[in-house]
>>> print(open('entry_18.tsv').read())   # TSV, C-alpha atoms and all ligand atoms
chain	number	residue	atom	x	y	z
A	30	MET	CA	86.56	3.16	83.47
A	31	LYS	CA	84.21	6.13	83.87
A	32	HIS	CA	83.15	6.03	80.21
A	33	LEU	CA	81.76	2.53	80.82
A	34	ILE	CA	79.34	3.69	83.54
A	35	PRO	CA	76.37	4.05	81.13
A	36	GLU	CA	76.89	0.40	80.11
A	37	PHE	CA	77.16	-0.65	83.74
A	38	ASP	CA	73.94	1.24	84.50
A	39	ARG	CA	72.12	-0.77	81.83
A	40	LEU	CA	73.64	-3.97	83.16
A	41	ARG	CA	72.59	-3.11	86.68
A	42	LYS	CA	68.92	-3.09	85.64
A	43	ARG	CA	69.14	-6.83	84.92
A	44	TYR	CA	69.87	-7.68	88.53
A	45	PRO	CA	67.40	-7.67	91.39
A	46	GLU	CA	67.84	-5.11	94.10
A	47	GLY	CA	70.31	-6.33	96.70
A	48	ALA	CA	72.26	-8.46	94.21
A	49	GLU	CA	74.54	-5.66	93.03
A	50	SER	CA	77.66	-7.60	93.99
A	51	SER	CA	76.86	-9.88	91.04
A	52	LEU	CA	77.94	-6.99	88.82
A	53	VAL	CA	81.59	-7.53	89.72
A	54	LEU	CA	82.25	-10.25	87.13
A	55	PRO	CA	80.57	-8.68	84.09
A	56	CYS	CA	81.93	-5.21	84.89
A	57	LEU	CA	85.48	-6.54	85.23
A	58	ARG	CA	85.06	-8.41	81.96
A	59	ARG	CA	83.94	-5.23	80.20
A	60	ILE	CA	86.81	-3.24	81.69
A	61	GLN	CA	89.26	-5.82	80.44
A	62	GLU	CA	87.68	-5.87	76.98
A	63	ASP	CA	88.07	-2.11	76.89
A	64	ARG	CA	91.67	-1.73	78.05
A	65	GLY	CA	93.08	-5.25	77.86
A	66	TRP	CA	93.71	-5.47	81.60
A	67	VAL	CA	92.37	-4.29	84.96
A	68	ALA	CA	94.23	-1.46	86.69
A	69	ASP	CA	94.25	-0.57	90.40
A	70	SER	CA	92.27	2.55	89.58
A	71	ASP	CA	89.56	0.38	87.97
A	72	ILE	CA	89.21	-1.60	91.16
A	73	ALA	CA	88.80	1.54	93.24
A	74	GLU	CA	86.26	3.04	90.84
A	75	LEU	CA	84.28	-0.20	90.54
A	76	ALA	CA	84.22	-0.66	94.32
A	77	ALA	CA	82.75	2.82	94.61
A	78	TYR	CA	80.25	2.27	91.78
A	79	ILE	CA	78.67	-1.03	92.81
A	80	PRO	CA	79.42	-0.57	95.86
A	81	VAL	CA	81.29	-3.57	97.26
A	82	PRO	CA	84.37	-3.83	99.44
A	83	ARG	CA	87.54	-3.53	97.37
A	84	ILE	CA	88.74	-6.87	98.74
A	85	GLN	CA	85.77	-8.60	97.08
A	86	ILE	CA	86.93	-7.38	93.67
A	87	GLU	CA	90.53	-8.32	94.46
A	88	GLU	CA	89.36	-11.83	95.38
A	89	VAL	CA	87.57	-12.24	92.05
A	90	LEU	CA	90.65	-11.05	90.18
A	91	ALA	CA	92.87	-13.44	92.11
A	92	HIS	CA	90.56	-16.41	91.56
A	93	TYR	CA	89.85	-16.19	87.83
A	94	THR	CA	92.88	-16.56	85.58
A	95	GLN	CA	90.97	-14.88	82.74
A	96	TYR	CA	91.48	-11.48	84.35
A	97	ARG	CA	94.76	-9.69	83.79
A	98	ARG	CA	96.34	-7.18	86.16
A	99	GLU	CA	98.95	-5.85	83.76
A	100	PRO	CA	99.30	-5.15	80.06
A	101	ILE	CA	99.98	-8.14	77.84
A	102	GLY	CA	100.85	-8.71	74.22
A	103	ARG	CA	98.52	-8.25	71.26
A	104	TRP	CA	98.15	-12.04	71.13
A	105	HIS	CA	97.70	-13.93	74.37
A	106	LEU	CA	98.58	-17.58	73.89
A	107	GLN	CA	97.37	-19.75	76.73
A	108	VAL	CA	98.57	-23.34	76.68
A	109	CYS	CA	96.56	-25.83	78.69
A	110	HIS	CA	98.87	-28.12	80.59
A	111	ASN	CA	96.33	-30.05	82.60
A	112	LEU	CA	96.06	-33.85	82.48
A	113	SER	CA	94.38	-34.55	79.13
A	114	CYS	CA	96.44	-31.96	77.30
A	115	SER	CA	99.65	-33.14	78.94
A	116	MET	CA	98.93	-36.72	77.95
A	117	ARG	CA	98.40	-35.62	74.35
A	118	GLY	CA	101.50	-33.49	73.92
A	119	ALA	CA	100.95	-30.14	75.65
A	120	GLU	CA	104.52	-30.01	76.95
A	121	GLY	CA	105.86	-30.45	73.42
A	122	ALA	CA	103.50	-27.78	72.11
A	123	LEU	CA	104.55	-25.43	74.89
A	124	GLY	CA	108.22	-26.11	74.28
A	125	HIS	CA	107.75	-25.45	70.58
A	126	LEU	CA	106.01	-22.15	71.29
A	127	CYS	CA	108.75	-21.12	73.72
A	128	LYS	CA	111.38	-21.87	71.11
A	129	ARG	CA	109.54	-20.11	68.29
A	130	LEU	CA	108.72	-17.00	70.34
A	131	GLY	CA	111.94	-16.89	72.33
A	132	ILE	CA	110.09	-16.49	75.63
A	133	GLU	CA	109.07	-18.58	78.62
A	134	PRO	CA	105.56	-18.91	80.08
A	135	GLY	CA	104.61	-15.69	81.83
A	136	GLN	CA	106.64	-13.54	79.46
A	137	THR	CA	105.84	-11.19	76.59
A	138	THR	CA	107.95	-10.81	73.47
A	139	ASP	CA	110.01	-7.63	73.25
A	140	ASP	CA	107.89	-6.35	70.37
A	141	GLY	CA	104.75	-6.64	72.54
A	142	ARG	CA	103.00	-8.96	70.10
A	143	TYR	CA	102.87	-12.22	72.05
A	144	THR	CA	102.30	-13.19	75.67
A	145	LEU	CA	102.64	-16.86	76.58
A	146	THR	CA	101.04	-18.40	79.65
A	147	THR	CA	100.03	-21.83	80.86
A	148	VAL	CA	96.55	-22.49	82.17
A	149	GLU	CA	94.61	-25.29	83.75
A	150	CYS	CA	91.86	-27.14	81.91
A	151	LEU	CA	90.20	-25.07	79.21
A	152	GLY	CA	87.26	-27.45	79.11
A	153	SER	CA	88.08	-28.94	75.74
A	154	CYS	CA	89.84	-32.11	76.83
A	155	GLY	CA	88.45	-34.12	73.91
A	156	THR	CA	90.44	-32.00	71.48
A	157	ALA	CA	93.63	-31.83	73.53
A	158	PRO	CA	96.13	-30.32	73.43
A	159	VAL	CA	94.50	-26.92	73.34
A	160	VAL	CA	95.98	-23.46	72.90
A	161	MET	CA	93.71	-20.47	73.42
A	162	VAL	CA	94.63	-17.32	71.50
A	163	ASN	CA	92.77	-14.35	72.92
A	164	GLU	CA	89.18	-15.69	72.83
A	165	ALA	CA	89.68	-18.44	70.21
A	166	TYR	CA	90.42	-22.11	70.81
A	167	HIS	CA	92.98	-23.94	68.68
A	168	GLU	CA	92.64	-27.67	69.16
A	169	ASN	CA	94.63	-30.86	68.57
A	170	MET	CA	97.75	-28.74	68.46
A	171	ASN	CA	101.12	-30.00	67.33
A	172	PRO	CA	104.30	-28.26	66.17
A	173	ALA	CA	103.12	-28.04	62.56
A	174	LYS	CA	99.79	-26.49	63.57
A	175	ILE	CA	101.59	-24.10	65.89
A	176	ASP	CA	103.82	-22.98	63.03
A	177	ALA	CA	100.73	-22.36	60.87
A	178	LEU	CA	99.05	-20.50	63.73
A	179	LEU	CA	102.05	-18.24	64.29
A	180	GLN	CA	102.19	-17.54	60.57
A	181	GLU	CA	98.55	-16.39	60.69
A	182	LEU	CA	99.11	-14.23	63.76
A	183	ALA	CA	102.13	-12.57	62.17
A	184	LYS	CA	99.98	-11.12	59.36
A	201	LIG	S1	93.03	-30.74	80.07
A	201	LIG	FE1	93.36	-29.31	78.48
A	201	LIG	S2	91.37	-28.73	77.89
A	201	LIG	FE2	91.05	-30.08	79.55
>>> encode(input="entry_18.tsv", output="structure tokens")
Amino acid sequence: MKHLIPEFDRLRKRYPEGAESSLVLPCLRRIQEDRGWVADSDIAELAAYIPVPRIQIEEVLAHYTQYRREPIGRWHLQVCHNLSCSMRGAEGALGHLCKRLGIEPGQTTDDGRYTLTTVECLGSCGTAPVVMVNEAYHENMNPAKIDALLQELAK
């Protein structure tokens, strides 16, 4: 994380004095962009940098599902299984993904390419069911579109 300190210093200038705890979210996001996940050592170093109590960073990490605490696959497929998506076929899409990838939600393929998880509403209910792959939304998903998506990701 230490190599990100110059970026954090620039970020810090955007916040008024006394509001340093607001740096937790953007710093964690940058750490995750850099490594792909947030390690225990990152938490300790960030708590010392800002400074905030370590528990405050742990709480943020526990609350937001976007943050990862362990390495995941190259492609992170997040299937929304909240109400709108469920009503429009999310369970079928999830089942199809499980079958195609040979894993269950929460698992990563042996080759390290794909991690499959379920998430609550992704905020795109009008185009349900939705599958998020890394930062990109894939909407109105069905088995045929999932097959096409997996074909693209395999390239
Ligand atoms: S319920 Fe799936 S995006 Fe809202």
>>> residues_around(input="entry_18.tsv", residues="Gln85 (chain A)", least_positions_apart="4", cutoff="9 Å", atoms="only C-alpha atoms", output="PDB file with C-alpha atoms, in the frame of the given file")
ATOM      1  CA  SER A  50      77.660  -7.600  93.990  1.00  0.00           C
ATOM      2  CA  VAL A  53      81.590  -7.530  89.720  1.00  0.00           C
ATOM      3  CA  ALA A  76      84.220  -0.660  94.320  1.00  0.00           C
ATOM      4  CA  VAL A  81      81.290  -3.570  97.260  1.00  0.00           C
ATOM      5  CA  VAL A  89      87.570 -12.240  92.050  1.00  0.00           C
ATOM      6  CA  LEU A  90      90.650 -11.050  90.180  1.00  0.00           C
TER       7      LEU A  90
END
>>> closest_residue(input="entry_18.tsv", among="A:Glu181, A:Glu120, A:Glu36, A:Cys114", to="ligand LIG 201 (chain A)", atoms="only C-alpha atoms and all ligand atoms")
A:Cys114
>>> residues_near_ligand(input="entry_18.tsv", ligand="ligand LIG 201 (chain A)", cutoff="9 Å", atoms="all atoms listed in the file", output="short mmCIF file (atom, residue, chain, number, x, y, z; two decimals) with C-alpha atoms, in the coordinates of the input")
data_model
loop_
_atom_site.label_atom_id
_atom_site.label_comp_id
_atom_site.auth_asym_id
_atom_site.auth_seq_id
_atom_site.Cartn_x
_atom_site.Cartn_y
_atom_site.Cartn_z
CA VAL A 108 98.57 -23.34 76.68
CA CYS A 109 96.56 -25.83 78.69
CA HIS A 110 98.87 -28.12 80.59
CA ASN A 111 96.33 -30.05 82.60
CA LEU A 112 96.06 -33.85 82.48
CA SER A 113 94.38 -34.55 79.13
CA CYS A 114 96.44 -31.96 77.30
CA SER A 115 99.65 -33.14 78.94
CA MET A 116 98.93 -36.72 77.95
CA ALA A 119 100.95 -30.14 75.65
CA VAL A 148 96.55 -22.49 82.17
CA GLU A 149 94.61 -25.29 83.75
CA CYS A 150 91.86 -27.14 81.91
CA LEU A 151 90.20 -25.07 79.21
CA GLY A 152 87.26 -27.45 79.11
CA SER A 153 88.08 -28.94 75.74
CA CYS A 154 89.84 -32.11 76.83
CA GLY A 155 88.45 -34.12 73.91
CA THR A 156 90.44 -32.00 71.48
CA ALA A 157 93.63 -31.83 73.53
CA PRO A 158 96.13 -30.32 73.43
CA VAL A 159 94.50 -26.92 73.34
CA VAL A 160 95.98 -23.46 72.90
CA GLU A 168 92.64 -27.67 69.16
#
>>> closest_residue(input="entry_18.tsv", among="A:Ser51, A:Asn171, A:Gln180, A:Thr147", to="Ile86 (chain A)", atoms="all atoms listed in the file")
A:Ser51
>>> closest_residue(input="entry_18.tsv", among="A:Leu106, A:Val67, A:Ile79, A:Leu126", to="Glu46 (chain A)", atoms="only C-alpha atoms")
A:Ile79
>>> atom_distance(input="entry_18.tsv", atom1="CA of Ile101 (chain A)", atom2="CA of Leu182 (chain A)")
15.4 Å
>>> build_atoms(input="entry_18.tsv", residues="region 134-153 of chain A", atoms="N, CA and C atoms", output="mmCIF file, in the frame of the given file")
data_model
loop_
_atom_site.group_PDB
_atom_site.id
_atom_site.type_symbol
_atom_site.label_atom_id
_atom_site.label_comp_id
_atom_site.auth_asym_id
_atom_site.auth_seq_id
_atom_site.Cartn_x
_atom_site.Cartn_y
_atom_site.Cartn_z
ATOM 1 N N PRO A 134 106.914 -19.222 79.578
ATOM 2 C CA PRO A 134 105.560 -18.910 80.080
ATOM 3 C C PRO A 134 105.607 -17.763 81.096
ATOM 4 N N GLY A 135 104.658 -16.851 80.954
ATOM 5 C CA GLY A 135 104.610 -15.690 81.830
ATOM 6 C C GLY A 135 105.309 -14.478 81.242
ATOM 7 N N GLN A 136 105.907 -14.648 80.063
ATOM 8 C CA GLN A 136 106.640 -13.540 79.460
ATOM 9 C C GLN A 136 105.939 -13.029 78.197
ATOM 10 N N THR A 137 106.332 -11.817 77.816
ATOM 11 C CA THR A 137 105.840 -11.190 76.590
ATOM 12 C C THR A 137 107.029 -10.894 75.687
ATOM 13 N N THR A 138 106.851 -11.094 74.394
ATOM 14 C CA THR A 138 107.950 -10.810 73.470
ATOM 15 C C THR A 138 108.303 -9.324 73.510
ATOM 16 N N ASP A 139 109.541 -9.012 73.188
ATOM 17 C CA ASP A 139 110.010 -7.630 73.250
ATOM 18 C C ASP A 139 109.192 -6.690 72.368
ATOM 19 N N ASP A 140 108.661 -7.213 71.271
ATOM 20 C CA ASP A 140 107.890 -6.350 70.370
ATOM 21 C C ASP A 140 106.436 -6.172 70.848
ATOM 22 N N GLY A 141 106.093 -6.808 71.977
ATOM 23 C CA GLY A 141 104.750 -6.640 72.540
ATOM 24 C C GLY A 141 103.665 -7.391 71.802
ATOM 25 N N ARG A 142 104.032 -8.274 70.901
ATOM 26 C CA ARG A 142 103.000 -8.960 70.100
ATOM 27 C C ARG A 142 102.456 -10.213 70.789
ATOM 28 N N TYR A 143 103.293 -10.942 71.510
ATOM 29 C CA TYR A 143 102.870 -12.220 72.050
ATOM 30 C C TYR A 143 103.142 -12.342 73.547
ATOM 31 N N THR A 144 102.131 -12.817 74.267
ATOM 32 C CA THR A 144 102.300 -13.190 75.670
ATOM 33 C C THR A 144 101.970 -14.668 75.770
ATOM 34 N N LEU A 145 102.821 -15.411 76.450
ATOM 35 C CA LEU A 145 102.640 -16.860 76.580
ATOM 36 C C LEU A 145 102.387 -17.203 78.043
ATOM 37 N N THR A 146 101.306 -17.937 78.287
ATOM 38 C CA THR A 146 101.040 -18.400 79.650
ATOM 39 C C THR A 146 100.556 -19.848 79.591
ATOM 40 N N THR A 147 100.630 -20.502 80.741
ATOM 41 C CA THR A 147 100.030 -21.830 80.860
ATOM 42 C C THR A 147 98.783 -21.690 81.708
ATOM 43 N N VAL A 148 97.809 -22.520 81.421
ATOM 44 C CA VAL A 148 96.550 -22.490 82.170
ATOM 45 C C VAL A 148 96.114 -23.907 82.495
ATOM 46 N N GLU A 149 95.206 -23.989 83.440
ATOM 47 C CA GLU A 149 94.610 -25.290 83.750
ATOM 48 C C GLU A 149 93.516 -25.573 82.731
ATOM 49 N N CYS A 150 92.807 -26.645 82.914
ATOM 50 C CA CYS A 150 91.860 -27.140 81.910
ATOM 51 C C CYS A 150 91.001 -26.051 81.280
ATOM 52 N N LEU A 151 91.014 -26.017 79.956
ATOM 53 C CA LEU A 151 90.200 -25.070 79.210
ATOM 54 C C LEU A 151 88.845 -25.653 78.845
ATOM 55 N N GLY A 152 88.572 -26.847 79.339
ATOM 56 C CA GLY A 152 87.260 -27.450 79.110
ATOM 57 C C GLY A 152 87.080 -28.038 77.728
ATOM 58 N N SER A 153 88.173 -28.349 77.077
ATOM 59 C CA SER A 153 88.080 -28.940 75.740
ATOM 60 C C SER A 153 89.000 -30.158 75.665
#
